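This is target_2.pdb. It holds PDB, C-alpha atoms.
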ATOM      1  CA  MET A   1      18.094 -50.331  54.386
ATOM      2  CA  ARG A   2      17.433 -50.959  50.764
ATOM      3  CA  SER A   3      19.112 -53.629  48.772
ATOM      4  CA  PHE A   4      20.056 -52.746  45.216
ATOM      5  CA  ASN A   5      19.181 -55.221  42.519
ATOM      6  CA  LYS A   6      22.070 -55.644  40.080
ATOM      7  CA  ASN A   7      19.748 -56.921  37.327
ATOM      8  CA  ARG A   8      18.052 -53.546  36.783
ATOM      9  CA  GLY A   9      17.872 -52.160  33.205
ATOM     10  CA  PHE A  10      19.381 -53.428  29.975
ATOM     11  CA  THR A  11      22.951 -54.328  29.217
ATOM     12  CA  LEU A  12      24.863 -52.622  26.439
ATOM     13  CA  ILE A  13      24.749 -55.766  24.295
ATOM     14  CA  GLU A  14      20.958 -56.011  24.619
ATOM     15  CA  LEU A  15      20.585 -52.385  23.506
ATOM     16  CA  ILE A  16      22.867 -52.934  20.514
ATOM     17  CA  VAL A  17      20.936 -56.050  19.471
ATOM     18  CA  VAL A  18      17.635 -54.129  19.648
ATOM     19  CA  LEU A  19      19.106 -51.264  17.581
ATOM     20  CA  VAL A  20      20.380 -53.701  14.934
ATOM     21  CA  ILE A  21      16.974 -55.377  14.679
ATOM     22  CA  MET A  22      15.215 -51.982  14.384
ATOM     23  CA  THR A  23      17.669 -50.891  11.671
ATOM     24  CA  ILE A  24      17.055 -54.060   9.669
ATOM     25  CA  LEU A  25      13.278 -53.585   9.915
ATOM     26  CA  ALA A  26      13.516 -49.918   8.900
ATOM     27  CA  THR A  27      15.739 -50.780   5.929
ATOM     28  CA  ALA A  28      13.244 -53.408   4.776
ATOM     29  CA  ALA A  29      10.369 -50.902   5.031
ATOM     30  CA  LEU A  30      11.991 -48.189   2.852
ATOM     31  CA  PRO A  31      11.364 -49.866  -0.528
ATOM     32  CA  LEU A  32       7.745 -50.466   0.467
ATOM     33  CA  ARG A  33       7.356 -46.776   1.344
ATOM     34  CA  GLU A  34       8.826 -45.741  -2.018
ATOM     35  CA  LEU A  35       6.411 -48.091  -3.784
ATOM     36  CA  MET A  36       3.468 -46.624  -1.866
ATOM     37  CA  VAL A  37       4.503 -43.073  -2.784
ATOM     38  CA  LYS A  38       4.803 -44.030  -6.462
ATOM     39  CA  ARG A  39       1.363 -45.692  -6.402
ATOM     40  CA  GLU A  40      -0.168 -42.571  -4.833
ATOM     41  CA  LYS A  41       1.388 -40.341  -7.499
ATOM     42  CA  GLU A  42       0.146 -42.680 -10.236
ATOM     43  CA  GLU A  43      -3.379 -42.554  -8.814
ATOM     44  CA  ASP A  44      -3.167 -38.747  -8.727
ATOM     45  CA  LEU A  45      -2.024 -38.792 -12.372
ATOM     46  CA  ARG A  46      -4.945 -41.034 -13.403
ATOM     47  CA  THR A  47      -7.406 -38.769 -11.613
ATOM     48  CA  ALA A  48      -5.953 -35.570 -13.094
ATOM     49  CA  LEU A  49      -5.922 -36.978 -16.627
ATOM     50  CA  ARG A  50      -9.524 -38.157 -16.253
ATOM     51  CA  GLN A  51     -10.650 -34.722 -14.977
ATOM     52  CA  ILE A  52      -8.927 -32.779 -17.748
ATOM     53  CA  ARG A  53      -9.993 -35.141 -20.526
ATOM     54  CA  THR A  54     -13.596 -35.089 -19.293
ATOM     55  CA  ALA A  55     -13.505 -31.271 -19.262
ATOM     56  CA  ILE A  56     -12.071 -31.177 -22.811
ATOM     57  CA  ASP A  57     -14.841 -33.512 -23.989
ATOM     58  CA  ALA A  58     -17.471 -31.363 -22.227
ATOM     59  CA  TYR A  59     -16.071 -28.268 -23.966
ATOM     60  CA  LYS A  60     -16.320 -30.007 -27.347
ATOM     61  CA  GLN A  61     -19.885 -31.105 -26.544
ATOM     62  CA  ALA A  62     -20.792 -27.504 -25.621
ATOM     63  CA  VAL A  63     -19.408 -26.357 -28.981
ATOM     64  CA  ASP A  64     -21.399 -29.059 -30.781
ATOM     65  CA  ASP A  65     -24.543 -27.994 -28.864
ATOM     66  CA  GLY A  66     -24.024 -24.365 -29.917
ATOM     67  CA  LYS A  67     -23.309 -23.061 -26.397
ATOM     68  CA  ILE A  68     -19.851 -21.898 -27.470
ATOM     69  CA  THR A  69     -19.327 -20.038 -30.714
ATOM     70  CA  LYS A  70     -16.905 -21.627 -33.154
ATOM     71  CA  LYS A  71     -15.248 -20.196 -36.240
ATOM     72  CA  ALA A  72     -15.287 -22.216 -39.452
ATOM     73  CA  ASP A  73     -11.577 -23.050 -39.273
ATOM     74  CA  GLU A  74     -11.647 -24.228 -35.617
ATOM     75  CA  SER A  75     -11.901 -27.843 -34.481
ATOM     76  CA  GLY A  76     -14.248 -27.191 -31.574
ATOM     77  CA  TYR A  77     -11.714 -28.146 -28.936
ATOM     78  CA  PRO A  78     -10.478 -25.504 -26.475
ATOM     79  CA  PRO A  79      -7.771 -23.221 -27.919
ATOM     80  CA  ARG A  80      -5.955 -23.265 -24.540
ATOM     81  CA  LEU A  81      -6.227 -25.277 -21.332
ATOM     82  CA  GLU A  82      -6.982 -22.046 -19.500
ATOM     83  CA  GLU A  83     -10.407 -21.919 -21.175
ATOM     84  CA  LEU A  84     -11.483 -24.880 -19.060
ATOM     85  CA  PHE A  85     -11.157 -23.091 -15.708
ATOM     86  CA  ILE A  86     -11.318 -19.404 -16.690
ATOM     87  CA  GLY A  87     -14.587 -20.074 -18.446
ATOM     88  CA  VAL A  88     -16.159 -19.127 -21.765
ATOM     89  CA  PRO A  89     -19.287 -17.086 -22.478
ATOM     90  CA  ASP A  90     -22.455 -19.096 -23.044
ATOM     91  CA  ALA A  91     -23.655 -18.167 -26.552
ATOM     92  CA  LYS A  92     -27.214 -19.301 -25.779
ATOM     93  CA  SER A  93     -27.513 -17.284 -22.562
ATOM     94  CA  THR A  94     -29.229 -13.900 -22.739
ATOM     95  CA  ASP A  95     -27.664 -12.645 -19.501
ATOM     96  CA  LYS A  96     -24.062 -13.461 -20.555
ATOM     97  CA  LYS A  97     -23.447 -16.411 -18.257
ATOM     98  CA  VAL A  98     -20.050 -18.080 -18.243
ATOM     99  CA  ILE A  99     -19.536 -21.834 -18.626
ATOM    100  CA  TYR A 100     -16.817 -23.406 -16.465
ATOM    101  CA  PHE A 101     -15.513 -26.907 -17.105
ATOM    102  CA  LEU A 102     -13.015 -27.168 -14.222
ATOM    103  CA  ARG A 103     -12.758 -25.402 -10.872
ATOM    104  CA  ARG A 104      -9.018 -25.460 -11.184
ATOM    105  CA  LEU A 105      -6.525 -27.213 -13.402
ATOM    106  CA  PRO A 106      -4.663 -29.974 -11.549
ATOM    107  CA  ARG A 107      -0.870 -30.095 -11.790
ATOM    108  CA  ASP A 108       0.871 -33.084 -13.326
ATOM    109  CA  PRO A 109       1.961 -35.033 -10.216
ATOM    110  CA  MET A 110       4.897 -36.508 -12.148
ATOM    111  CA  PHE A 111       6.236 -33.075 -13.142
ATOM    112  CA  VAL A 112       9.456 -32.226 -11.320
ATOM    113  CA  GLU A 113      10.525 -28.606 -10.893
ATOM    114  CA  MET A 114      14.011 -28.270 -12.343
ATOM    115  CA  ASP A 115      15.146 -25.362 -10.184
ATOM    116  CA  ILE A 116      13.282 -24.534  -7.024
ATOM    117  CA  SER A 117      14.972 -21.379  -5.831
ATOM    118  CA  PRO A 118      13.522 -19.073  -3.204
ATOM    119  CA  GLY A 119      11.696 -16.198  -4.854
ATOM    120  CA  MET A 120      11.562 -17.906  -8.263
ATOM    121  CA  PRO A 121       8.117 -18.432  -9.780
ATOM    122  CA  VAL A 122       6.783 -21.966  -9.655
ATOM    123  CA  THR A 123       5.717 -23.505 -12.958
ATOM    124  CA  SER A 124       1.998 -22.992 -13.546
ATOM    125  CA  ALA A 125      -0.292 -26.011 -13.673
ATOM    126  CA  VAL A 126      -0.911 -25.402 -17.388
ATOM    127  CA  ASP A 127       2.799 -25.660 -18.162
ATOM    128  CA  THR A 128       3.225 -28.968 -16.328
ATOM    129  CA  TRP A 129       1.201 -30.821 -18.968
ATOM    130  CA  GLY A 130       2.129 -31.813 -22.487
ATOM    131  CA  LYS A 131      -0.561 -30.811 -24.972
ATOM    132  CA  ARG A 132      -1.677 -32.470 -28.200
ATOM    133  CA  SER A 133      -3.638 -30.679 -30.868
ATOM    134  CA  TYR A 134      -6.427 -32.241 -32.905
ATOM    135  CA  GLU A 135      -4.265 -32.363 -36.048
ATOM    136  CA  SER A 136      -1.331 -34.000 -34.247
ATOM    137  CA  PRO A 137      -0.725 -37.754 -34.697
ATOM    138  CA  TRP A 138      -1.233 -39.906 -31.611
ATOM    139  CA  ASP A 139       2.290 -41.346 -31.618
ATOM    140  CA  SER A 140       4.104 -37.991 -31.775
ATOM    141  CA  PRO A 141       1.924 -35.411 -30.013
ATOM    142  CA  LYS A 142       2.517 -31.745 -30.820
ATOM    143  CA  GLU A 143       0.904 -28.516 -29.685
ATOM    144  CA  GLY A 144      -1.183 -26.594 -32.164
ATOM    145  CA  ASN A 145      -4.227 -24.334 -32.443
ATOM    146  CA  ASP A 146      -6.272 -26.307 -29.918
ATOM    147  CA  VAL A 147      -5.978 -28.782 -27.048
ATOM    148  CA  PHE A 148      -7.330 -32.173 -28.068
ATOM    149  CA  ASP A 149      -5.555 -34.139 -25.333
ATOM    150  CA  VAL A 150      -3.046 -33.792 -22.495
ATOM    151  CA  PHE A 151      -0.290 -36.096 -21.333
ATOM    152  CA  SER A 152       2.411 -36.232 -18.676
ATOM    153  CA  ARG A 153       5.781 -34.882 -19.734
ATOM    154  CA  SER A 154       7.567 -37.315 -17.413
ATOM    155  CA  GLU A 155      10.099 -39.690 -18.961
ATOM    156  CA  GLU A 156       9.551 -42.285 -16.214
ATOM    157  CA  ILE A 157       7.846 -45.639 -16.672
ATOM    158  CA  GLY A 158       4.836 -46.588 -14.547
ATOM    159  CA  LEU A 159       4.487 -49.649 -12.376
ATOM    160  CA  ASN A 160       2.458 -51.209 -15.191
ATOM    161  CA  GLY A 161       5.435 -50.910 -17.585
ATOM    162  CA  ILE A 162       3.862 -48.144 -19.690
ATOM    163  CA  PRO A 163       5.604 -44.738 -19.835
ATOM    164  CA  TYR A 164       3.581 -41.978 -18.159
ATOM    165  CA  ARG A 165       3.626 -40.031 -21.441
ATOM    166  CA  GLU A 166       1.409 -42.724 -22.975
ATOM    167  CA  TRP A 167      -1.247 -42.866 -20.236
TER     168      TRP A 167
END
Rendering of file as structure tokens:
Amino acid sequence: MRSFNKNRGFTLIELIVVLVIMTILATAALPLRELMVKREKEEDLRTALRQIRTAIDAYKQAVDDGKITKKADESGYPPRLEELFIGVPDAKSTDKKVIYFLRRLPRDPMFVEMDISPGMPVTSAVDTWGKRSYESPWDSPKEGNDVFDVFSRSEEIGLNGIPYREW
């Protein structure tokens, strides 16, 4: 015959104590997770801004080099963000090549869709960014006839204390 050991398994109190400890640890980890997510989004914002601004500068350089035709009243910056990834004809090319400055336009990672309803169109990447024209002052950016710079339209403040709009 077998003898049954009464000390098998855990008591109810031991299980409750373990659950309480796990809950406390999980609660302590949540703020750290939120901080990590915010840091990742900020890094994505830095990368996207750098890519777009580099492409805008490359467009302006192509205009200055005569690869893109410019009218007398234009600044030389792209008239729309779409020009950067749709491409523009190379004025110096005899076989009508197209110059591309971006493969695709990144979305603003800080942009929050206001109403995500099934079947509703999602905001395009172009519309997630705030745009500043060449003639616009730096402290109150406004859209105009060209795109001199882009900025996040988020009202939030970064971990560094600077609003995302000013990055």
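Closest approach to Ile157 in chain A from the set A:Asp73, A:Thr123, A:Glu42, A:Ile24 is made by A:Glu42, with distances taken over only C-alpha atoms.
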Tyr100 in chain A: which residues within 8 Å, counting only C-alpha atoms, same-chain residues fewer than 5 positions away excluded, as a PDB file with C-alpha atoms, in the frame of the given file?
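Result saved to out.pdb:
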ATOM      1  CA  LEU A  84     -11.483 -24.880 -19.060  1.00  0.00           C
ATOM      2  CA  PHE A  85     -11.157 -23.091 -15.708  1.00  0.00           C
ATOM      3  CA  ILE A  86     -11.318 -19.404 -16.690  1.00  0.00           C
ATOM      4  CA  GLY A  87     -14.587 -20.074 -18.446  1.00  0.00           C
ATOM      5  CA  VAL A  88     -16.159 -19.127 -21.765  1.00  0.00           C
TER       6      VAL A  88
END
CA of Ala48 in chain A to CA of Val126 in chain A measures 12.1 Å
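With only C-alpha atoms as the basis for measurement, A:Arg39 is the residue among A:Leu19, A:Ile68, A:Arg39, A:Ala29 that approaches Asn160 in chain A most closely.
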Which value, in Å to one decimal, gives the distance between CA of Arg165 in chain A and CA of Trp138 in chain A?
-> 11.3 Å
Pick out the residues sitting within 12 Å of Gly66 in chain A, and hand them over as a list in words; count all atoms listed in the file, and ignore anything fewer than 6 positions along from it in its own chain.
-> Tyr59, Lys60, Gly76, Pro89, Asp90, Ala91, Lys92 and Ser93 of chain A
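Here CA of Ser152 in chain A and CA of Ala58 in chain A stand 20.8 Å from one another.
Using all atoms listed in the file, the shortest contact distance between Glu155 in chain A and any of A:Phe111, A:Thr128, A:Pro78, A:Lys142 is found at A:Phe111.
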Let me know the residues the PyMOL selection byres ((chain A and resi 132) around 10) catches in the file above, as a PDB file with C-alpha atoms, in the coordinates of the input.
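Saved result, expr22.pdb, follows:
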ATOM      1  CA  TRP A 129       1.201 -30.821 -18.968  1.00  0.00           C
ATOM      2  CA  GLY A 130       2.129 -31.813 -22.487  1.00  0.00           C
ATOM      3  CA  LYS A 131      -0.561 -30.811 -24.972  1.00  0.00           C
ATOM      4  CA  SER A 133      -3.638 -30.679 -30.868  1.00  0.00           C
ATOM      5  CA  TYR A 134      -6.427 -32.241 -32.905  1.00  0.00           C
ATOM      6  CA  GLU A 135      -4.265 -32.363 -36.048  1.00  0.00           C
ATOM      7  CA  SER A 136      -1.331 -34.000 -34.247  1.00  0.00           C
ATOM      8  CA  PRO A 137      -0.725 -37.754 -34.697  1.00  0.00           C
ATOM      9  CA  TRP A 138      -1.233 -39.906 -31.611  1.00  0.00           C
ATOM     10  CA  SER A 140       4.104 -37.991 -31.775  1.00  0.00           C
ATOM     11  CA  PRO A 141       1.924 -35.411 -30.013  1.00  0.00           C
ATOM     12  CA  LYS A 142       2.517 -31.745 -30.820  1.00  0.00           C
ATOM     13  CA  GLU A 143       0.904 -28.516 -29.685  1.00  0.00           C
ATOM     14  CA  GLY A 144      -1.183 -26.594 -32.164  1.00  0.00           C
ATOM     15  CA  ASN A 145      -4.227 -24.334 -32.443  1.00  0.00           C
ATOM     16  CA  ASP A 146      -6.272 -26.307 -29.918  1.00  0.00           C
ATOM     17  CA  VAL A 147      -5.978 -28.782 -27.048  1.00  0.00           C
ATOM     18  CA  PHE A 148      -7.330 -32.173 -28.068  1.00  0.00           C
ATOM     19  CA  ASP A 149      -5.555 -34.139 -25.333  1.00  0.00           C
ATOM     20  CA  VAL A 150      -3.046 -33.792 -22.495  1.00  0.00           C
ATOM     21  CA  PHE A 151      -0.290 -36.096 -21.333  1.00  0.00           C
TER      22      PHE A 151
END
Run the PyMOL selection byres ((chain A and resi 45) around 10) mentally over the shown coordinates, then write out the matched residues as a short mmCIF file (atom, residue, chain, number, x, y, z; two decimals) with C-alpha atoms, keeping the file's coordinate frame, using the chain letters and numbers from the document.
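Written out: expr26.cif:
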data_model
loop_
_atom_site.label_atom_id
_atom_site.label_comp_id
_atom_site.auth_asym_id
_atom_site.auth_seq_id
_atom_site.Cartn_x
_atom_site.Cartn_y
_atom_site.Cartn_z
CA ARG A 39 1.36 -45.69 -6.40
CA GLU A 40 -0.17 -42.57 -4.83
CA LYS A 41 1.39 -40.34 -7.50
CA GLU A 42 0.15 -42.68 -10.24
CA GLU A 43 -3.38 -42.55 -8.81
CA ASP A 44 -3.17 -38.75 -8.73
CA ARG A 46 -4.94 -41.03 -13.40
CA THR A 47 -7.41 -38.77 -11.61
CA ALA A 48 -5.95 -35.57 -13.09
CA LEU A 49 -5.92 -36.98 -16.63
CA ARG A 50 -9.52 -38.16 -16.25
CA GLN A 51 -10.65 -34.72 -14.98
CA PRO A 106 -4.66 -29.97 -11.55
CA ARG A 107 -0.87 -30.10 -11.79
CA ASP A 108 0.87 -33.08 -13.33
CA PRO A 109 1.96 -35.03 -10.22
CA MET A 110 4.90 -36.51 -12.15
CA PHE A 151 -0.29 -36.10 -21.33
CA SER A 152 2.41 -36.23 -18.68
CA TYR A 164 3.58 -41.98 -18.16
CA TRP A 167 -1.25 -42.87 -20.24
#
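Candidate residues A:Lys38, A:Ala26, A:Ile56, A:Glu156 were compared for distance to Pro79 in chain A, and the nearest is A:Ile56, using all atoms listed in the file.
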Return the single residue from A:Val98, A:Ile16, A:Asp139, A:Arg33 that is closest to Ala62 in chain A, with distances computed using all atoms listed in the file.
-> A:Val98
